[in-house]
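Encoded as C-alpha cells, the structure appears first; notes follow it.
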Amino acid sequence: MQGTFYVVGVGPGDPQLMTLKAAKILEKCAVWFVPSAFDNGGSMALKIASGVISSEGKTILSHRFPMKQIHRGESPDPEVKSAWQSAAKIIMASLADGQDVVFPTLGDPAIYSTGFYICETLQEYGSPFQVEIVPGVSAIGASSAAAAMPLCLGDERLVVIPATFENDRLQEILELSDVVVFMKVYKVMERLVGLLEDLGLVDNAVLVERCSLEDQHIWTDVREAVGRDIHYFSTIVVRKERAV
Ligand SMILES: C[S@@+](CC[C@H](N)C(=O)[O-])C[C@H]1O[C@@H](n2cnc3c(N)ncnc32)[C@H](O)[C@@H]1O
C-alpha cells in the first residue's frame, strides 16, 4: 500500500506554537522531507520540528528549493521547477515503498509554502498518493499577536501580499484595503517604507522581525529599519485605522 504524504505547518519559530496534530504526525512518520533555501541543508522547518519531536532515527531528506518569484499562471523559473520535480520523484519513491512522508513547512502550508507545489507536481506525475494538509500558526497571525494589532475587525478588508511586487500594485492594494500584511519585506524595506511615507501610512505600520523567536524585534517605527540587515523572517502589518 502507498504511504501518505503529509504537509504539516510547524508555526513561525517557537516550538510551542506547533500544533499537537503536527507533533503527532512528525512522530509517526519515519521519513521527514525538509525544505531548505541553502546548499548546506539548513532548514528552519526542521529546527522547529525537532524542537518538539526528536529527529533521531528518522530519515531526513533535505532538499534545496531556490528562492525565486513565482507568478501563478506563468511557467516557473526552470531551476524552481526542476527542484519541485526532483523533490516529487524522491517523495514518490518513499510513498511507493509504503512509507509515510512528512514535509514540515514554516508557518501555515496555505501561505506561500512549497508544500502545495510538491502536491501539484506529484499529481502531474500521476502519483496515486494520499495527501493530508495540517494547518499551522502562520507568521501572519503570530506577527499580529506580537504587535497586538488585529488583522480584521468589523467589515475591514485584509490583504496579504509579498512586498516584492511592483509599487503600482502595492499602492493599489493599500488604497483598496483596510489592513495589509506584507511578507518577504527584508530585501525591499527602503522602497516599501518610501511608498508608505508617500501614502501617509508609515506611522500605521509595524514590522515584526523573527516573530516568536528569542530575538524577536518589534519595530514600531519602520523607518528605523531602513538600511539595516533585516532578517528574512520579517513581516509588516499596516492598519489604516489604528485599533489599540
Ligand atoms: C515563504 S513565506 C512563508 C510563510 C509561512 N508559510 C507562514 O504561514 O508564515 C516567508 C515569509 O513569511 C514571513 N515569516 C516567516 N516566519 C516569520 C517569523 N518568525 N517572523 C516574521 N515573519 C515571518 C516573512 O515575511 C517571510 O519572508
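Lettering and numbering for the C-alpha cells are positional, with chains as A, B, ... in the shown order, residues counted from 1 in each chain, and ligands counted from 1 in the shown order.
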- [ ] Check the DSSP output for the backbone and give back, as a VMD selection string, the residues of region 41-231 of chain A in strand (DSSP E or B).
- [x] chain A and resid 59 to 64 101 to 105 107 130 to 134 158 to 162 179 to 183 205 to 209 217 to 219
Task: Expected selection as an NGL selection string for ligand 1 within 6 Å, only C-alpha atoms and all ligand atoms - done: :A and (12-13 or 106-109 or 111-113 or 138-140 or 183-184 or 208-212 or 232-235)
Open item on the list: For Gln123 (chain A), find every residue with an atom within 12 Å (counting only C-alpha atoms), except residues of its own chain fewer than 4 positions away, and show them as a PyMOL selection string.
Closed with: chain A and resi 5+84-85+88-89+92+116-119+127-131
- [ ] Please identify which residues in region 7-222 of chain A DSSP calls alpha helix (DSSP H) from the backbone, and express them as number ranges by chain.
- [x] A: 20-28, 44-50, 78-96, 114-124, 139-147, 167-176, 189-198
Open item on the list: At a cut-off of 12 Å, using only C-alpha atoms, what residues contact Pro78 (chain A)? Leave out same-chain residues fewer than 6 positions from it and give the result as a list in words.
Closed with: Phe65, Pro66, Lys68, Gln69, Ile70, Trp84 and Gln85 of chain A
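Restricting the calculation to only C-alpha atoms, the smallest distance between Phe103 (chain A) and any of A:Ile91, A:Ala148, A:Ala243, A:Ala205 is found for A:Ile91.
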